[in-house]
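Note: the block below is input-v7.tsv and it holds TSV, C-alpha atoms.
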chain	number	residue	atom	x	y	z
A	1	MET	CA	-17.98	5.56	7.20
A	2	SER	CA	-17.10	5.41	3.51
A	3	VAL	CA	-16.69	2.22	1.57
A	4	ALA	CA	-13.03	1.52	0.86
A	5	LYS	CA	-11.87	2.44	-2.63
A	6	TYR	CA	-8.11	2.16	-2.27
A	7	VAL	CA	-5.56	-0.12	-0.64
A	8	PHE	CA	-2.27	1.66	0.03
A	9	ASP	CA	1.12	0.02	-0.29
A	10	THR	CA	4.01	1.23	1.89
A	11	GLY	CA	5.60	3.51	-0.71
A	12	PRO	CA	2.85	6.15	-0.82
A	13	PHE	CA	3.00	6.51	2.97
A	14	ILE	CA	6.79	6.89	2.79
A	15	GLN	CA	6.39	9.42	-0.03
A	16	LEU	CA	3.89	11.39	2.04
A	17	GLY	CA	6.27	11.20	4.99
A	18	MET	CA	8.94	12.96	2.92
A	19	LEU	CA	6.69	15.99	2.55
A	20	ASP	CA	7.05	18.64	5.24
A	21	ARG	CA	3.95	18.40	7.43
A	22	GLU	CA	3.93	22.14	8.11
A	23	VAL	CA	3.86	22.92	4.37
A	24	PHE	CA	1.65	20.06	3.07
A	25	VAL	CA	-0.94	20.27	5.84
A	26	SER	CA	-3.88	19.59	3.53
A	27	ALA	CA	-2.22	16.55	1.90
A	28	TYR	CA	-1.69	14.95	5.30
A	29	ALA	CA	-5.22	15.91	6.37
A	30	ALA	CA	-6.72	14.39	3.20
A	31	VAL	CA	-4.95	11.05	3.67
A	32	ALA	CA	-5.70	10.98	7.41
A	33	ALA	CA	-9.39	11.68	6.73
A	34	ALA	CA	-9.52	8.95	4.04
A	35	LEU	CA	-7.90	6.47	6.45
A	36	SER	CA	-10.28	7.47	9.21
A	37	ASP	CA	-13.46	7.32	7.12
A	38	GLY	CA	-12.52	4.03	5.44
A	39	THR	CA	-11.87	5.33	1.91
A	40	ILE	CA	-8.30	4.04	2.29
A	41	THR	CA	-7.50	0.66	3.76
A	42	SER	CA	-4.18	-1.08	4.02
A	43	CYS	CA	-2.55	-4.15	5.50
A	44	ARG	CA	-0.93	-4.74	8.85
A	45	ALA	CA	2.18	-5.73	6.85
A	46	VAL	CA	2.30	-2.16	5.45
A	47	PHE	CA	2.11	-0.67	8.95
A	48	ASP	CA	4.92	-2.99	10.00
A	49	GLU	CA	6.99	-2.06	6.92
A	50	ILE	CA	6.83	1.67	7.63
A	51	ASP	CA	10.26	2.35	9.05
A	52	ASP	CA	11.16	5.99	8.90
A	53	LYS	CA	14.32	7.04	10.70
A	54	THR	CA	12.61	9.47	13.09
A	55	GLY	CA	9.53	7.36	13.75
A	56	GLU	CA	7.32	10.37	13.00
A	57	LEU	CA	5.49	8.72	10.09
A	58	LYS	CA	4.70	5.63	12.15
A	59	LYS	CA	3.40	7.90	14.94
A	60	TRP	CA	1.31	9.78	12.38
A	61	CYS	CA	-0.21	6.50	11.12
A	62	ALA	CA	-0.83	5.07	14.60
A	63	PRO	CA	-4.17	6.83	15.32
A	64	ASN	CA	-5.54	5.10	12.21
A	65	LYS	CA	-3.96	1.70	12.90
A	66	ALA	CA	-7.41	0.10	12.54
A	67	ALA	CA	-7.17	0.84	8.78
A	68	PHE	CA	-4.13	-1.48	8.61
A	69	VAL	CA	-5.90	-4.83	8.81
A	70	ARG	CA	-4.76	-8.43	9.06
A	71	PRO	CA	-5.60	-10.51	5.97
A	72	SER	CA	-8.79	-12.54	5.89
A	73	VAL	CA	-8.59	-16.25	5.08
A	74	ALA	CA	-9.64	-15.48	1.50
A	75	GLU	CA	-6.85	-12.89	1.22
A	76	GLN	CA	-4.32	-15.36	2.65
A	77	LEU	CA	-5.29	-17.87	-0.02
A	78	LEU	CA	-4.82	-15.19	-2.68
A	79	VAL	CA	-1.40	-14.34	-1.20
A	80	ARG	CA	-0.40	-17.98	-1.58
A	81	GLU	CA	-1.63	-18.01	-5.19
A	82	ILE	CA	0.18	-14.75	-5.97
A	83	LEU	CA	3.45	-15.93	-4.47
A	84	THR	CA	3.23	-19.25	-6.33
A	85	LYS	CA	2.93	-17.36	-9.62
A	86	TYR	CA	5.19	-14.40	-8.68
A	87	PRO	CA	7.73	-15.64	-6.10
A	88	VAL	CA	10.12	-12.74	-6.74
A	89	LEU	CA	7.71	-10.41	-4.90
A	90	ILE	CA	9.57	-11.62	-1.81
A	91	LYS	CA	13.34	-11.58	-2.08
A	92	PRO	CA	15.11	-14.58	-0.54
A	93	SER	CA	17.29	-12.18	1.46
A	94	ASP	CA	14.15	-10.64	3.02
A	95	LEU	CA	12.92	-14.11	3.97
A	96	GLN	CA	16.25	-14.98	5.57
A	97	ILE	CA	16.16	-11.99	7.90
A	98	GLY	CA	12.42	-12.21	8.55
A	99	LYS	CA	11.72	-8.82	6.97
A	100	GLN	CA	8.06	-7.89	6.59
A	101	VAL	CA	6.99	-7.81	2.93
A	102	ALA	CA	3.63	-6.24	2.17
A	103	ASP	CA	3.33	-6.42	-1.63
A	104	PRO	CA	1.46	-9.74	-2.00
A	105	PHE	CA	-0.90	-8.78	0.85
A	106	VAL	CA	-1.69	-5.40	-0.73
A	107	ILE	CA	-2.41	-7.02	-4.09
A	108	ALA	CA	-4.54	-9.76	-2.51
A	109	ARG	CA	-6.57	-7.19	-0.54
A	110	GLY	CA	-7.12	-5.14	-3.70
A	111	ARG	CA	-8.26	-8.17	-5.66
A	112	HIS	CA	-10.45	-9.61	-2.91
A	113	LEU	CA	-12.23	-6.32	-2.18
A	114	GLY	CA	-12.22	-4.85	-5.70
A	115	LEU	CA	-10.03	-1.90	-4.71
A	116	THR	CA	-7.46	0.19	-6.53
A	117	VAL	CA	-3.91	-0.41	-5.31
A	118	VAL	CA	-1.91	2.74	-4.64
A	119	THR	CA	1.82	2.04	-4.97
A	120	ASN	CA	5.00	3.88	-5.92
A	121	GLU	CA	6.19	1.00	-8.08
A	122	ARG	CA	6.07	1.45	-11.83
A	123	TRP	CA	4.97	-1.12	-14.40
A	124	LYS	CA	7.94	-2.62	-16.27
A	125	PRO	CA	7.78	-5.15	-19.10
A	126	ASN	CA	8.28	-8.73	-17.90
A	127	ALA	CA	8.82	-7.63	-14.28
A	128	GLN	CA	7.35	-8.96	-11.07
A	129	LYS	CA	6.36	-5.54	-9.74
A	130	VAL	CA	3.14	-4.60	-7.95
A	131	PRO	CA	1.57	-2.91	-11.03
A	132	ASN	CA	2.44	-5.90	-13.23
A	133	VAL	CA	0.90	-8.39	-10.80
A	134	CYS	CA	-2.12	-6.13	-10.35
A	135	GLN	CA	-2.58	-6.01	-14.11
A	136	HIS	CA	-2.43	-9.81	-14.30
A	137	TYR	CA	-5.21	-10.08	-11.70
A	138	GLY	CA	-7.31	-7.25	-13.15
A	139	VAL	CA	-6.65	-4.94	-10.18
A	140	PRO	CA	-6.34	-1.25	-11.05
A	141	SER	CA	-3.27	0.53	-9.69
A	142	MET	CA	-1.96	4.08	-9.49
A	143	ASP	CA	0.61	6.15	-7.65
A	144	LEU	CA	0.04	8.70	-4.86
A	145	MET	CA	-0.33	11.59	-7.31
A	146	GLY	CA	-2.89	9.53	-9.23
A	147	PHE	CA	-4.79	9.03	-5.98
A	148	PHE	CA	-4.80	12.78	-5.28
A	149	LYS	CA	-6.06	13.46	-8.81
A	150	ALA	CA	-8.69	10.70	-8.71
A	151	GLU	CA	-10.05	12.12	-5.47
A	152	GLY	CA	-10.03	15.67	-6.88
A	153	LEU	CA	-7.54	16.84	-4.26
A	154	ARG	CA	-5.59	20.02	-4.98
A	155	PHE	CA	-2.97	21.51	-2.70
Target encoding structure tokens, full file:
Amino acid sequence: MSVAKYVFDTGPFIQLGMLDREVFVSAYAAVAAALSDGTITSCRAVFDEIDDKTGELKKWCAPNKAAFVRPSVAEQLLVREILTKYPVLIKPSDLQIGKQVADPFVIARGRHLGLTVVTNERWKPNAQKVPNVCQHYGVPSMDLMGFFKAEGLRF
């Protein structure tokens, strides 16, 4: 089992799910292998956030559900710290309907374990986006294509 290097947010899984599995066989295989061997970890909140219309992506993730972990106590404390400083990471409307929000958990896991966060969000000046919060906490971040490049994956 590999040591985790990346913590995936929901967006990269959704982005992968938009790719035709019959055409991008090796991309799916690479991510599945990295989930299985522990190179990629994620949060249970991410698994819960994955809501594709057909349910196929959730089914694809299910065999590697062990990679989608519940936060440790230390991660929960970091989540509280992150949300105190960056409360906009959770929209009030999401709270009202009880919607699962993974962003603070992904960032906390990355910081606690020294991992790179993989997210589809882009850094914006003065924004409370995942890359901005990661930068504040010294957590590297990249998008799915950056992950593929960093791992030397070519399709």
With distances taken over only C-alpha atoms, which of A:Ala102, A:Arg21, A:Ile82, A:Thr39 is nearest to Leu115 of chain A?
-> A:Thr39
Separation of atom CA of Gly11 of chain A and atom CA of Pro87 of chain A, in Å?
-> 20.0 Å
Could you please determine the separation between atom CA of Arg122 of chain A and atom CA of Gln135 of chain A in Å, to one decimal place?
->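 Separation between atom CA of Arg122 of chain A and atom CA of Gln135 of chain A: 11.6 Å.
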Could you check which of A:Leu113, A:Ala67, A:Ala62, A:Ile14 is closest to Val139 of chain A, using all atoms listed in the file?
-> A:Leu113
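Across the model, the gap from atom CA of Met142 of chain A to atom CA of Asp52 of chain A is 22.7 Å.
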All residues 12 Å or closer to Gly152 of chain A, all atoms listed in the file, same chain fewer than 6 positions away omitted, as a PyMOL selection string | chain A and resi 27+30+145-146
Emit the selected residues as an mmCIF file, keeping the file's coordinate frame, including C-alpha atoms.
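To be explicit, this is the file written out as selection-v7.cif:
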data_model
loop_
_atom_site.group_PDB
_atom_site.id
_atom_site.type_symbol
_atom_site.label_atom_id
_atom_site.label_comp_id
_atom_site.auth_asym_id
_atom_site.auth_seq_id
_atom_site.Cartn_x
_atom_site.Cartn_y
_atom_site.Cartn_z
ATOM 1 C CA ALA A 27 -2.220 16.550 1.900
ATOM 2 C CA ALA A 30 -6.720 14.390 3.200
ATOM 3 C CA MET A 145 -0.330 11.590 -7.310
ATOM 4 C CA GLY A 146 -2.890 9.530 -9.230
#
Skip Asn64 of chain A itself and residues of its chain fewer than 4 positions away, then list as a PyMOL selection string all residues within 10 Å of it, counting only C-alpha atoms.
-> chain A and resi 32-38+41+59-60+68
Rank A:Thr54, A:Ser42, A:Gln76, A:Ser141 by their smallest atom-to-atom distance to Gly17 of chain A, using all atoms listed in the file, and report the top residue only.
->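 For Gly17 of chain A, the nearest of the candidates is A:Thr54.
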Name the residues, using the chain letters and numbers of the file, that sit within 8 Å of (-5.7, -5.4, 0.4) when counting all atoms listed in the file, and give them as a PyMOL selection string.
-> chain A and resi 7-8+41-43+71+75+105-113+115+117
Asn120 of chain A proximity check over A:Leu144, A:Val23, A:Ala4, A:Leu153, using all atoms listed in the file: winner is A:Leu144
Residue nearest Pro104 of chain A - candidates A:Thr10, A:Glu22, A:Asn126, A:Gln15, atoms counted: only C-alpha atoms |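 Among the listed residues, A:Thr10 lies closest to Pro104 of chain A.
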Selection as a PyMOL selection string: residues within 9 Å of (6.7, 2.2, -9.6), counting all atoms listed in the file | chain A and resi 119-124+129-131+142-143
Name the residues in contact with segment 91-101 of chain A at a cut-off of 7 Å, using only C-alpha atoms, excluding same-chain residues fewer than 4 positions from it; report them as a PDB file with C-alpha atoms, in the coordinates of the input.
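Now in selection03.pdb:
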ATOM      1  CA  ALA A  45       2.180  -5.730   6.850  1.00  0.00           C
ATOM      2  CA  ASP A  48       4.920  -2.990  10.000  1.00  0.00           C
ATOM      3  CA  GLU A  49       6.990  -2.060   6.920  1.00  0.00           C
TER       4      GLU A  49
END
Counting only C-alpha atoms, the residue of A:Gly55, A:Cys61, A:Ile50, A:Thr84 that sits nearest Val31 of chain A =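 That would be A:Cys61, the residue with the smallest distance to Val31 of chain A.
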